[in-house]
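Containing compact mmCIF, C-alpha atoms (C1' of nucleotides): protein34.txt.
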# COMPACT_ATOMS: atom_id res chain seq x y z
CA MET A 1 25.59 -3.65 -47.09
CA ASN A 2 24.72 -3.50 -43.43
CA ILE A 3 27.32 -4.49 -40.92
CA LYS A 4 26.53 -7.97 -39.76
CA HIS A 5 25.32 -8.41 -36.22
CA ASN A 6 27.54 -10.94 -34.59
CA LYS A 7 27.95 -12.41 -31.15
CA GLU A 8 30.31 -9.67 -30.05
CA ASP A 9 27.77 -6.96 -30.79
CA VAL A 10 25.29 -8.70 -28.55
CA LEU A 11 27.85 -9.01 -25.78
CA ARG A 12 28.70 -5.32 -26.06
CA LYS A 13 25.07 -4.30 -25.94
CA GLY A 14 24.45 -6.59 -22.99
CA MET A 15 27.41 -5.11 -21.17
CA GLU A 16 25.97 -1.66 -21.75
CA LEU A 17 22.48 -2.56 -20.55
CA PHE A 18 23.66 -4.51 -17.51
CA ARG A 19 25.94 -1.63 -16.48
CA LEU A 20 23.10 0.85 -16.82
CA ASN A 21 20.16 -1.05 -15.39
CA GLY A 22 21.46 -4.19 -13.74
CA TYR A 23 21.00 -7.83 -14.58
CA HIS A 24 17.45 -8.45 -13.44
CA ASN A 25 16.23 -5.15 -14.76
CA THR A 26 17.33 -6.07 -18.25
CA GLY A 27 15.14 -8.62 -20.00
CA THR A 28 16.19 -10.85 -22.88
CA LYS A 29 13.53 -9.04 -24.88
CA GLU A 30 15.34 -5.74 -24.45
CA ILE A 31 18.76 -7.23 -25.17
CA ILE A 32 17.47 -8.81 -28.37
CA LYS A 33 15.74 -5.66 -29.50
CA GLU A 34 18.68 -3.36 -28.74
CA ALA A 35 21.20 -5.71 -30.27
CA GLY A 36 19.05 -6.01 -33.39
CA ILE A 37 19.08 -9.78 -33.55
CA SER A 38 16.34 -12.35 -33.37
CA ARG A 39 15.30 -14.43 -30.40
CA GLY A 40 16.45 -17.53 -32.22
CA SER A 41 19.92 -16.15 -32.81
CA PHE A 42 20.28 -15.18 -29.18
CA TYR A 43 19.59 -18.75 -28.08
CA ASN A 44 21.89 -20.02 -30.79
CA PHE A 45 24.72 -17.93 -29.39
CA PHE A 46 23.98 -18.51 -25.71
CA ILE A 47 22.53 -21.40 -23.72
CA ASP A 48 20.43 -19.15 -21.53
CA LYS A 49 20.46 -15.74 -19.88
CA ASP A 50 22.89 -16.84 -17.19
CA ASP A 51 25.33 -18.13 -19.78
CA PHE A 52 25.01 -14.81 -21.56
CA GLY A 53 25.57 -12.92 -18.31
CA ILE A 54 28.80 -14.74 -17.61
CA GLN A 55 30.07 -14.23 -21.13
CA VAL A 56 29.25 -10.54 -20.74
CA LEU A 57 31.27 -10.44 -17.54
CA ASP A 58 34.29 -11.94 -19.25
CA TYR A 59 33.86 -9.67 -22.24
CA TYR A 60 33.79 -6.68 -19.91
CA GLY A 61 36.90 -7.97 -18.16
CA VAL A 62 38.89 -8.26 -21.37
CA TRP A 63 37.56 -4.99 -22.76
CA SER A 64 38.55 -3.14 -19.60
CA THR A 65 41.92 -4.70 -19.00
CA ASP A 66 42.92 -4.20 -22.61
CA TYR A 67 42.31 -0.49 -22.26
CA MET A 68 44.00 -0.37 -18.87
CA LYS A 69 47.07 -2.16 -20.16
CA GLU A 70 47.30 0.26 -23.04
CA LEU A 71 47.25 3.23 -20.70
CA LEU A 72 49.67 1.68 -18.24
CA ASN A 73 52.23 1.07 -20.96
CA ASP A 74 52.68 4.75 -21.69
CA THR A 75 56.39 5.03 -21.05
CA ASN A 76 56.30 8.81 -21.35
CA LEU A 77 55.01 8.79 -17.79
CA ASN A 78 56.35 7.08 -14.71
CA PRO A 79 54.18 4.35 -13.14
CA LYS A 80 52.61 6.67 -10.59
CA GLN A 81 51.75 9.23 -13.24
CA ARG A 82 50.32 6.50 -15.45
CA LEU A 83 47.91 5.36 -12.75
CA ILE A 84 46.79 8.89 -12.01
CA HIS A 85 46.36 9.55 -15.70
CA LEU A 86 44.31 6.40 -16.14
CA PHE A 87 41.86 7.31 -13.43
CA ASP A 88 41.71 10.89 -14.69
CA LEU A 89 40.61 9.58 -18.06
CA PHE A 90 38.08 7.17 -16.57
CA ILE A 91 36.57 9.85 -14.37
CA GLU A 92 36.43 12.28 -17.26
CA GLY A 93 34.39 9.68 -19.12
CA TYR A 94 31.97 9.21 -16.25
CA LYS A 95 31.51 12.95 -16.01
CA ARG A 96 30.92 13.29 -19.73
CA ASP A 97 28.13 10.71 -19.54
CA HIS A 98 26.55 12.32 -16.48
CA TYR A 99 27.68 9.61 -14.07
CA LYS A 100 25.26 7.08 -15.44
CA TRP A 101 27.74 4.22 -15.81
CA GLY A 102 29.14 2.03 -13.09
CA CYS A 103 31.45 -0.93 -12.85
CA LEU A 104 29.78 -4.09 -14.14
CA LEU A 105 31.77 -6.30 -11.77
CA VAL A 106 30.61 -4.30 -8.77
CA GLY A 107 27.01 -4.49 -9.88
CA MET A 108 27.03 -8.17 -10.71
CA THR A 109 28.85 -9.05 -7.49
CA GLN A 110 26.18 -7.29 -5.50
CA GLU A 111 23.25 -8.58 -7.48
CA LEU A 112 24.25 -12.19 -8.06
CA GLY A 113 27.06 -12.83 -5.62
CA GLN A 114 25.35 -15.25 -3.28
CA ILE A 115 22.94 -16.64 -5.85
CA ASN A 116 24.88 -18.38 -8.54
CA PRO A 117 28.41 -19.71 -7.96
CA SER A 118 29.23 -19.35 -11.66
CA PHE A 119 28.65 -15.63 -11.36
CA THR A 120 30.71 -15.38 -8.19
CA ASN A 121 33.57 -17.13 -9.96
CA ALA A 122 33.29 -14.88 -12.99
CA CYS A 123 33.32 -11.76 -10.82
CA GLU A 124 36.34 -12.83 -8.82
CA ARG A 125 38.19 -14.02 -11.92
CA ASN A 126 37.76 -10.65 -13.60
CA PHE A 127 38.51 -8.63 -10.51
CA GLU A 128 41.73 -10.59 -10.27
CA SER A 129 42.56 -9.58 -13.85
CA PHE A 130 42.15 -5.96 -12.85
CA VAL A 131 44.35 -6.52 -9.82
CA ALA A 132 47.04 -8.18 -11.91
CA VAL A 133 47.24 -5.26 -14.32
CA PHE A 134 47.37 -2.63 -11.59
CA GLN A 135 49.74 -4.58 -9.42
CA ALA A 136 52.32 -4.90 -12.19
CA CYS A 137 52.34 -1.13 -12.54
CA ILE A 138 52.57 -0.56 -8.81
CA GLU A 139 55.42 -3.02 -8.47
CA GLU A 140 57.27 -1.22 -11.22
CA GLY A 141 56.67 2.09 -9.48
CA GLN A 142 57.79 0.80 -6.12
CA ALA A 143 60.93 -0.65 -7.63
CA ALA A 144 61.64 2.68 -9.30
CA GLY A 145 61.02 4.50 -6.04
CA VAL A 146 58.16 6.65 -7.37
CA ILE A 147 55.38 4.80 -5.52
CA SER A 148 55.07 4.45 -1.77
CA LYS A 149 56.22 1.22 -0.16
CA LYS A 150 54.24 1.77 3.03
CA GLN A 151 51.91 -1.00 1.85
CA ASP A 152 53.01 -3.99 -0.23
CA ALA A 153 52.12 -4.02 -3.92
CA ARG A 154 49.22 -6.42 -3.65
CA GLY A 155 47.73 -4.64 -0.65
CA LEU A 156 48.14 -1.22 -2.21
CA THR A 157 46.49 -2.50 -5.38
CA LEU A 158 43.51 -3.88 -3.49
CA THR A 159 43.25 -0.62 -1.56
CA MET A 160 43.32 1.45 -4.71
CA LEU A 161 40.77 -0.73 -6.47
CA SER A 162 38.51 -0.71 -3.41
CA MET A 163 38.73 3.05 -3.18
CA TYR A 164 37.89 3.43 -6.83
CA ASN A 165 34.99 0.99 -6.81
CA GLY A 166 33.60 2.54 -3.67
CA ALA A 167 33.85 6.01 -5.15
CA LEU A 168 31.91 4.80 -8.18
CA VAL A 169 29.16 3.51 -5.92
CA LEU A 170 28.87 6.83 -4.11
CA MET A 171 28.92 8.58 -7.47
CA LYS A 172 26.07 6.42 -8.71
CA SER A 173 24.07 6.93 -5.55
CA GLY A 174 23.65 10.54 -6.54
CA MET A 175 26.70 12.29 -5.13
CA HIS A 176 28.11 12.45 -8.63
CA HIS A 177 31.51 14.13 -8.86
CA GLU A 178 32.45 14.80 -5.24
CA PRO A 179 33.48 11.26 -4.21
CA LEU A 180 35.48 10.94 -7.43
CA GLU A 181 37.37 14.08 -6.62
CA ALA A 182 38.03 12.87 -3.09
CA PHE A 183 39.34 9.65 -4.61
CA GLN A 184 41.71 11.50 -6.90
CA THR A 185 43.03 13.60 -4.05
CA GLN A 186 43.65 10.63 -1.78
CA LEU A 187 45.05 8.48 -4.59
CA ALA A 188 47.86 10.94 -5.09
CA LEU A 189 48.53 10.90 -1.35
CA ILE A 190 48.69 7.14 -0.93
CA LEU A 191 50.82 6.58 -4.01
CA THR A 192 53.40 9.22 -3.12
CA PRO A 193 56.40 7.73 -1.33
CA MET B 1 2.28 -15.79 24.37
CA ASN B 2 4.25 -15.40 21.19
CA ILE B 3 5.96 -12.16 20.44
CA LYS B 4 3.75 -10.24 18.05
CA HIS B 5 4.99 -9.77 14.53
CA ASN B 6 4.96 -6.09 13.80
CA LYS B 7 6.06 -3.86 10.98
CA GLU B 8 9.59 -3.56 12.32
CA ASP B 9 10.11 -7.32 12.24
CA VAL B 10 9.19 -7.34 8.58
CA LEU B 11 11.56 -4.49 7.87
CA ARG B 12 14.38 -6.27 9.67
CA LYS B 13 13.76 -9.48 7.77
CA GLY B 14 13.57 -7.60 4.50
CA MET B 15 16.85 -5.89 5.26
CA GLU B 16 18.43 -9.26 5.90
CA LEU B 17 17.12 -10.85 2.72
CA PHE B 18 17.94 -7.88 0.51
CA ARG B 19 21.46 -7.76 1.90
CA LEU B 20 21.94 -11.44 1.26
CA ASN B 21 20.26 -11.93 -2.08
CA GLY B 22 19.46 -8.52 -3.53
CA TYR B 23 16.19 -6.82 -4.27
CA HIS B 24 15.03 -8.63 -7.37
CA ASN B 25 16.16 -11.99 -6.07
CA THR B 26 13.92 -11.66 -3.06
CA GLY B 27 10.23 -12.15 -3.75
CA THR B 28 7.39 -10.84 -1.62
CA LYS B 29 6.49 -14.46 -1.10
CA GLU B 30 9.80 -15.12 0.62
CA ILE B 31 9.65 -11.95 2.69
CA ILE B 32 6.16 -12.82 3.89
CA LYS B 33 7.09 -16.38 4.70
CA GLU B 34 10.32 -15.51 6.50
CA ALA B 35 8.74 -12.67 8.44
CA GLY B 36 5.89 -14.94 9.46
CA ILE B 37 3.10 -12.60 8.46
CA SER B 38 0.30 -12.91 5.96
CA ARG B 39 0.12 -11.48 2.50
CA GLY B 40 -2.70 -9.21 3.60
CA SER B 41 -0.70 -7.77 6.47
CA PHE B 42 2.23 -7.04 4.21
CA TYR B 43 0.06 -4.97 1.90
CA ASN B 44 -1.52 -3.31 4.92
CA PHE B 45 1.87 -2.17 6.13
CA PHE B 46 3.29 -1.23 2.73
CA ILE B 47 1.81 0.15 -0.46
CA ASP B 48 3.86 -2.13 -2.68
CA LYS B 49 7.26 -3.77 -2.89
CA ASP B 50 8.99 -0.54 -3.87
CA ASP B 51 7.52 1.25 -0.88
CA PHE B 52 8.74 -1.60 1.27
CA GLY B 53 12.19 -1.44 -0.31
CA ILE B 54 12.55 2.23 0.48
CA GLN B 55 11.39 1.78 4.06
CA VAL B 56 13.93 -1.02 4.39
CA LEU B 57 16.63 1.31 3.15
CA ASP B 58 15.76 3.93 5.74
CA TYR B 59 15.48 1.29 8.42
CA TYR B 60 18.95 0.05 7.52
CA GLY B 61 20.26 3.62 7.60
CA VAL B 62 18.96 4.25 11.11
CA TRP B 63 19.97 0.83 12.36
CA SER B 64 23.52 1.29 11.08
CA THR B 65 24.08 4.88 12.11
CA ASP B 66 22.73 4.21 15.59
CA TYR B 67 25.35 1.55 16.07
CA MET B 68 28.05 3.68 14.50
CA LYS B 69 27.24 6.63 16.74
CA GLU B 70 27.40 4.40 19.77
CA LEU B 71 30.87 3.19 18.84
CA LEU B 72 32.12 6.65 17.91
CA ASN B 73 31.11 8.05 21.28
CA ASP B 74 33.50 5.83 23.18
CA THR B 75 35.52 8.50 24.94
CA ASN B 76 38.02 5.96 26.23
CA LEU B 77 39.56 6.12 22.78
CA ASN B 78 40.63 9.09 20.71
CA PRO B 79 38.72 9.71 17.44
CA LYS B 80 41.25 7.89 15.29
CA GLN B 81 41.23 4.86 17.57
CA ARG B 82 37.43 4.91 17.60
CA LEU B 83 37.24 4.70 13.82
CA ILE B 84 39.75 1.89 13.66
CA HIS B 85 37.93 0.06 16.41
CA LEU B 86 34.60 0.45 14.63
CA PHE B 87 35.88 -1.07 11.42
CA ASP B 88 37.65 -3.81 13.36
CA LEU B 89 34.33 -4.78 14.89
CA PHE B 90 32.47 -4.64 11.59
CA ILE B 91 35.08 -6.74 9.84
CA GLU B 92 35.10 -9.24 12.67
CA GLY B 93 31.36 -9.62 12.13
CA TYR B 94 31.74 -10.20 8.42
CA LYS B 95 34.38 -12.81 9.07
CA ARG B 96 32.24 -14.55 11.69
CA ASP B 97 29.41 -14.87 9.16
CA HIS B 98 31.72 -16.11 6.42
CA TYR B 99 31.60 -12.90 4.41
CA LYS B 100 28.04 -13.43 3.30
CA TRP B 101 26.77 -9.94 4.17
CA GLY B 102 27.31 -6.76 2.25
CA CYS B 103 26.23 -3.16 2.52
CA LEU B 104 22.58 -2.75 1.60
CA LEU B 105 23.12 0.76 0.29
CA VAL B 106 25.84 -0.43 -2.07
CA GLY B 107 23.66 -3.22 -3.36
CA MET B 108 20.55 -1.12 -3.82
CA THR B 109 22.49 1.69 -5.48
CA GLN B 110 23.86 -0.75 -8.00
CA GLU B 111 20.64 -2.63 -8.59
CA LEU B 112 18.11 0.19 -8.65
CA GLY B 113 20.18 3.33 -9.05
CA GLN B 114 19.14 4.33 -12.53
CA ILE B 115 15.71 2.75 -12.41
CA ASN B 116 13.64 4.42 -9.76
CA PRO B 117 14.44 7.97 -8.55
CA SER B 118 12.86 7.22 -5.16
CA PHE B 119 15.48 4.55 -4.62
CA THR B 120 18.29 6.80 -5.75
CA ASN B 121 17.13 9.43 -3.28
CA ALA B 122 16.88 6.92 -0.47
CA CYS B 123 20.38 5.61 -1.18
CA GLU B 124 21.94 9.04 -1.28
CA ARG B 125 20.03 10.20 1.80
CA ASN B 126 21.29 7.27 3.83
CA PHE B 127 24.83 7.45 2.52
CA GLU B 128 24.83 11.07 3.62
CA SER B 129 23.80 9.95 7.11
CA PHE B 130 26.81 7.68 7.19
CA VAL B 131 29.01 10.50 6.00
CA ALA B 132 27.66 12.87 8.66
CA VAL B 133 28.46 10.44 11.47
CA PHE B 134 31.97 9.69 10.25
CA GLN B 135 32.74 13.27 9.37
CA ALA B 136 31.93 14.48 12.88
CA CYS B 137 34.43 12.03 14.28
CA ILE B 138 37.08 12.94 11.75
CA GLU B 139 36.63 16.64 12.40
CA GLU B 140 37.06 16.01 16.10
CA GLY B 141 40.19 14.01 15.42
CA GLN B 142 41.65 16.62 13.12
CA ALA B 143 40.98 19.35 15.65
CA ALA B 144 42.67 17.26 18.32
CA GLY B 145 45.61 16.63 16.01
CA VAL B 146 45.26 12.83 16.02
CA ILE B 147 43.93 12.56 12.47
CA SER B 148 45.72 13.66 9.33
CA LYS B 149 44.77 17.00 7.82
CA LYS B 150 46.24 16.19 4.40
CA GLN B 151 42.67 15.92 3.13
CA ASP B 152 39.74 17.98 4.45
CA ALA B 153 37.25 16.25 6.74
CA ARG B 154 34.54 15.77 4.15
CA GLY B 155 36.99 14.49 1.53
CA LEU B 156 38.68 12.16 3.98
CA THR B 157 35.29 10.83 5.05
CA LEU B 158 34.23 10.14 1.49
CA THR B 159 37.57 8.46 0.83
CA MET B 160 37.26 6.27 3.89
CA LEU B 161 33.69 5.29 3.11
CA SER B 162 34.59 4.56 -0.51
CA MET B 163 37.51 2.43 0.55
CA TYR B 164 35.36 0.49 2.96
CA ASN B 165 32.47 -0.04 0.56
CA GLY B 166 34.85 -1.06 -2.18
CA ALA B 167 36.59 -3.53 0.12
CA LEU B 168 33.21 -5.06 0.94
CA VAL B 169 32.51 -5.54 -2.76
CA LEU B 170 35.83 -7.31 -3.31
CA MET B 171 35.15 -9.37 -0.22
CA LYS B 172 31.77 -10.43 -1.55
CA SER B 173 33.18 -11.23 -4.97
CA GLY B 174 35.05 -14.11 -3.39
CA MET B 175 38.31 -12.61 -2.18
CA HIS B 176 36.97 -12.74 1.36
CA HIS B 177 39.37 -11.44 3.97
CA GLU B 178 42.29 -10.10 1.98
CA PRO B 179 40.74 -6.83 0.74
CA LEU B 180 39.44 -6.15 4.24
CA GLU B 181 42.91 -6.53 5.66
CA ALA B 182 44.33 -4.24 2.99
CA PHE B 183 41.65 -1.73 3.93
CA GLN B 184 42.58 -1.87 7.61
CA THR B 185 46.26 -1.39 6.83
CA GLN B 186 45.68 1.59 4.58
CA LEU B 187 43.07 3.11 6.87
CA ALA B 188 45.64 3.43 9.63
CA LEU B 189 48.03 5.04 7.16
CA ILE B 190 45.64 7.66 5.81
CA LEU B 191 44.29 8.62 9.21
CA THR B 192 47.70 9.06 10.81
CA PRO B 193 48.84 12.68 10.76
C1' DT C 1 -20.84 -10.26 25.96
C1' DT C 2 -21.06 -7.86 21.92
C1' DG C 3 -19.35 -5.32 18.14
C1' DT C 4 -15.43 -3.60 15.72
C1' DA C 5 -10.99 -3.88 13.90
C1' DA C 6 -7.02 -6.51 12.60
C1' DT C 7 -5.12 -10.59 10.77
C1' DT C 8 -5.16 -14.85 8.55
C1' DA C 9 -4.77 -18.43 4.51
C1' DG C 10 -5.10 -18.88 0.19
C1' DA C 11 -7.47 -18.44 -4.35
C1' DT C 12 -6.95 -15.59 -8.10
C1' DA C 13 -5.87 -12.11 -11.46
C1' DG C 14 -2.83 -9.81 -14.70
C1' DA C 15 1.53 -8.93 -16.25
C1' DT C 16 6.14 -10.25 -17.33
C1' DT C 17 9.79 -13.32 -17.74
C1' DG C 18 12.85 -16.88 -19.80
C1' DG C 19 12.84 -20.17 -23.12
C1' DT C 20 10.98 -23.26 -27.14
C1' DC C 21 9.19 -24.03 -31.53
C1' DT C 22 7.83 -23.40 -36.37
C1' DA C 23 7.65 -21.95 -40.91
C1' DA C 24 9.52 -18.70 -43.93
C1' DT C 25 13.36 -16.24 -45.58
C1' DT C 26 18.04 -15.09 -46.39
C1' DA C 27 22.95 -16.16 -46.93
C1' DA C 28 26.69 -19.20 -48.06
C1' DT C 29 28.64 -23.02 -50.41
C1' DT C 30 29.32 -26.35 -53.91
C1' DA D 1 21.75 -23.26 -60.17
C1' DA D 2 21.06 -26.23 -56.52
C1' DT D 3 21.68 -27.35 -51.88
C1' DT D 4 22.76 -26.58 -47.35
C1' DA D 5 23.15 -23.73 -43.39
C1' DA D 6 21.97 -19.67 -40.78
C1' DT D 7 18.74 -16.28 -39.45
C1' DT D 8 14.40 -14.30 -39.08
C1' DA D 9 9.64 -12.94 -36.89
C1' DG D 10 6.72 -14.04 -33.85
C1' DA D 11 3.41 -17.37 -31.86
C1' DC D 12 3.52 -19.96 -27.94
C1' DC D 13 4.27 -22.19 -23.27
C1' DA D 14 5.23 -22.66 -18.50
C1' DA D 15 6.79 -20.45 -14.60
C1' DT D 16 7.07 -16.62 -11.70
C1' DC D 17 6.05 -12.32 -9.77
C1' DT D 18 3.38 -8.53 -7.78
C1' DA D 19 -0.86 -7.35 -6.14
C1' DT D 20 -5.93 -7.92 -5.09
C1' DC D 21 -9.73 -10.05 -3.10
C1' DT D 22 -12.61 -12.96 -0.15
C1' DA D 23 -14.19 -15.39 3.62
C1' DA D 24 -12.94 -17.08 7.97
C1' DT D 25 -10.70 -16.27 12.13
C1' DT D 26 -8.57 -13.90 15.89
C1' DA D 27 -7.81 -9.93 19.00
C1' DC D 28 -9.45 -6.25 21.32
C1' DA D 29 -12.49 -2.62 23.26
C1' DA D 30 -16.89 -0.90 24.96
Now, as a test, write the supplied structure out as structure tokens.
Amino acid sequence: MNIKHNKEDVLRKGMELFRLNGYHNTGTKEIIKEAGISRGSFYNFFIDKDDFGIQVLDYYGVWSTDYMKELLNDTNLNPKQRLIHLFDLFIEGYKRDHYKWGCLLVGMTQELGQINPSFTNACERNFESFVAVFQACIEEGQAAGVISKKQDARGLTLTMLSMYNGALVLMKSGMHHEPLEAFQTQLALILTP
Amino acid sequence: MNIKHNKEDVLRKGMELFRLNGYHNTGTKEIIKEAGISRGSFYNFFIDKDDFGIQVLDYYGVWSTDYMKELLNDTNLNPKQRLIHLFDLFIEGYKRDHYKWGCLLVGMTQELGQINPSFTNACERNFESFVAVFQACIEEGQAAGVISKKQDARGLTLTMLSMYNGALVLMKSGMHHEPLEAFQTQLALILTP
DNA sequence: TTGTAATTAGATAGATTGGTCTAATTAATT
DNA sequence: AATTAATTAGACCAATCTATCTAATTACAA
């Protein structure tokens, strides 16, 4: 028997398409086709495309933070090493897929930020989840004396996330690996006490 | 007599609208109306919307780098101070306009990166212009011993640009001033030798 | 002034989009 | 087996978008 197509499959496929091609460049037609469901089912699951978009954002947020939490709980490494390891893994993944992915939150913020307040809220909400996860690790590292205290935990987290998101943008613009490498180099510098 | 509406006015208005609302969220209808020209004139100036989009990107690149060069030639300040001053001014501007602007290159990269190779090229080309301008200043600062040499000039430039672009994304997502402040704090740290 | 070029408003075409609806089929439940 | 619920394909609609075209007007140059 075939595996049943459920709501989560559609969300995952939508996440994939939006990350690759953006929100407006992905039609409901394509989502439906790629997810292998019918038009009727799509509009049973979701009120409209915007509703779907926001659910995709939240799905992406949970999907990402779950993985991040997992990596940042690796007690074989100290907090600083965990962060570096996490980004090493992420960047490896981008490289493997020829730098075609990007961060969905970055893309959606840019594309829909000023348009629809629901999207703005969803972007900020999920960015704040990212911040929370990273900040916990940085606080632990600062307390243990393995992460620099030159900037407070929240500020250092925002800096690190900014640096990473910005590097992904440069990567996607066609520079590929170089900005990621610069990020890795500088990350080690700013984390070191 | 009224000031004549020329091609440059349309480019400037397009730049403004694309920065505010994105490429797909801005119709030719709106561009034409806001620029105060006729439909016919628009398609006399530009082959199609994509052609217009790319010319807007290059216009934004020149417009930005011109201003950046001007600020980075202020010999009353040393190179490090010039960079900090430049970002202070930019951030002041964002604040004054209630954080509604963003970087056009970031937005276009995200929205059209994987879609149209002409756009990808235009984004990378203009990002490289930014890099060239910043890198010259950083090299000067490193040679003069007022900017850190922990990372090479190109790497430090990419890092700084990433950090800034990423902070703008967080800003636009609704966090407003906080990520910008974190950026300013960390910028001083990474530039200091 | 006359003739040429540029610009205008706006109708219109053609394609695509998001979203609804229906009638048939499949799956689940009692 | 009988009944109810879920899902399907795809026709369909209204709105929107890019782009073209026309006919009238304006600006400019000889």
Check your understanding: Please, what distance in Å, to one decimal, runs between atom C1' of C:DT20 and atom CA of A:Asp9?
Key ->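 Result for atom C1' of C:DT20 versus atom CA of A:Asp9: 23.7 Å, one decimal.
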Practice item. Using all atoms listed in the file, find the one residue out of A:Leu71, A:Leu77, A:Met15, A:Ala35 that sits nearest to A:Val56. Key: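 For A:Val56, the nearest of the candidates is A:Met15.
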Check your understanding: Do you know which residues are at most 9 Å from stretch 16-20 of chain D counting all atoms listed in the file, after dropping those on the same chain fewer than 4 positions away, and could you put them as a VMD selection string?
Key -> (chain B and resid 27 to 29 43 48 to 49) or (chain C and resid 12 to 13 15 to 17)
Output of the above residues as a PDB file, in the coordinates of the input, restricted to C-alpha atoms (C1' of nucleotides):
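Output contents, as saved in out_33.pdb:
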ATOM      1  CA  GLY B  27      10.230 -12.150  -3.750  1.00  0.00           C
ATOM      2  CA  THR B  28       7.390 -10.840  -1.620  1.00  0.00           C
ATOM      3  CA  LYS B  29       6.490 -14.460  -1.100  1.00  0.00           C
ATOM      4  CA  TYR B  43       0.060  -4.970   1.900  1.00  0.00           C
ATOM      5  CA  ASP B  48       3.860  -2.130  -2.680  1.00  0.00           C
ATOM      6  CA  LYS B  49       7.260  -3.770  -2.890  1.00  0.00           C
TER       7      LYS B  49
ATOM      8  C1'  DT C  12      -6.950 -15.590  -8.100  1.00  0.00           C
ATOM      9  C1'  DA C  13      -5.870 -12.110 -11.460  1.00  0.00           C
ATOM     10  C1'  DA C  15       1.530  -8.930 -16.250  1.00  0.00           C
ATOM     11  C1'  DT C  16       6.140 -10.250 -17.330  1.00  0.00           C
ATOM     12  C1'  DT C  17       9.790 -13.320 -17.740  1.00  0.00           C
TER      13       DT C  17
END
Listing only residues of chain D within 8 Å of chain A, what is the closest atom pair and its distance in Å (to one decimal) for each, using only C-alpha atoms (C1' of nucleotides), sorted by chain and residue number ascending, as a tab-separated table?
residue	atom	partner	partner_atom	distance
D:DT7	C1'	A:Ser41	CA	6.7
D:DT8	C1'	A:Ser38	CA	6.3
D:DA9	C1'	A:Ser38	CA	7.6
Exercise for review: Tell me the residues of chain A close to chain B, meaning within 7 Å using all atoms listed in the file, as JSON, numbers by chain.
Suggested key: {"A": [20, 21, 22, 24, 106, 107, 109, 110, 111, 113, 114, 115, 120, 123, 124, 155, 158, 159, 162, 163, 165, 166, 167, 169, 172, 173, 174, 175, 179, 182, 183, 186]}
Check your understanding: For the atom pair atom C1' of C:DA28 and atom C1' of D:DG10, what is the interatomic distance in Å to one decimal place?
Key ->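 Between these atoms lies a distance of 25.0 Å.
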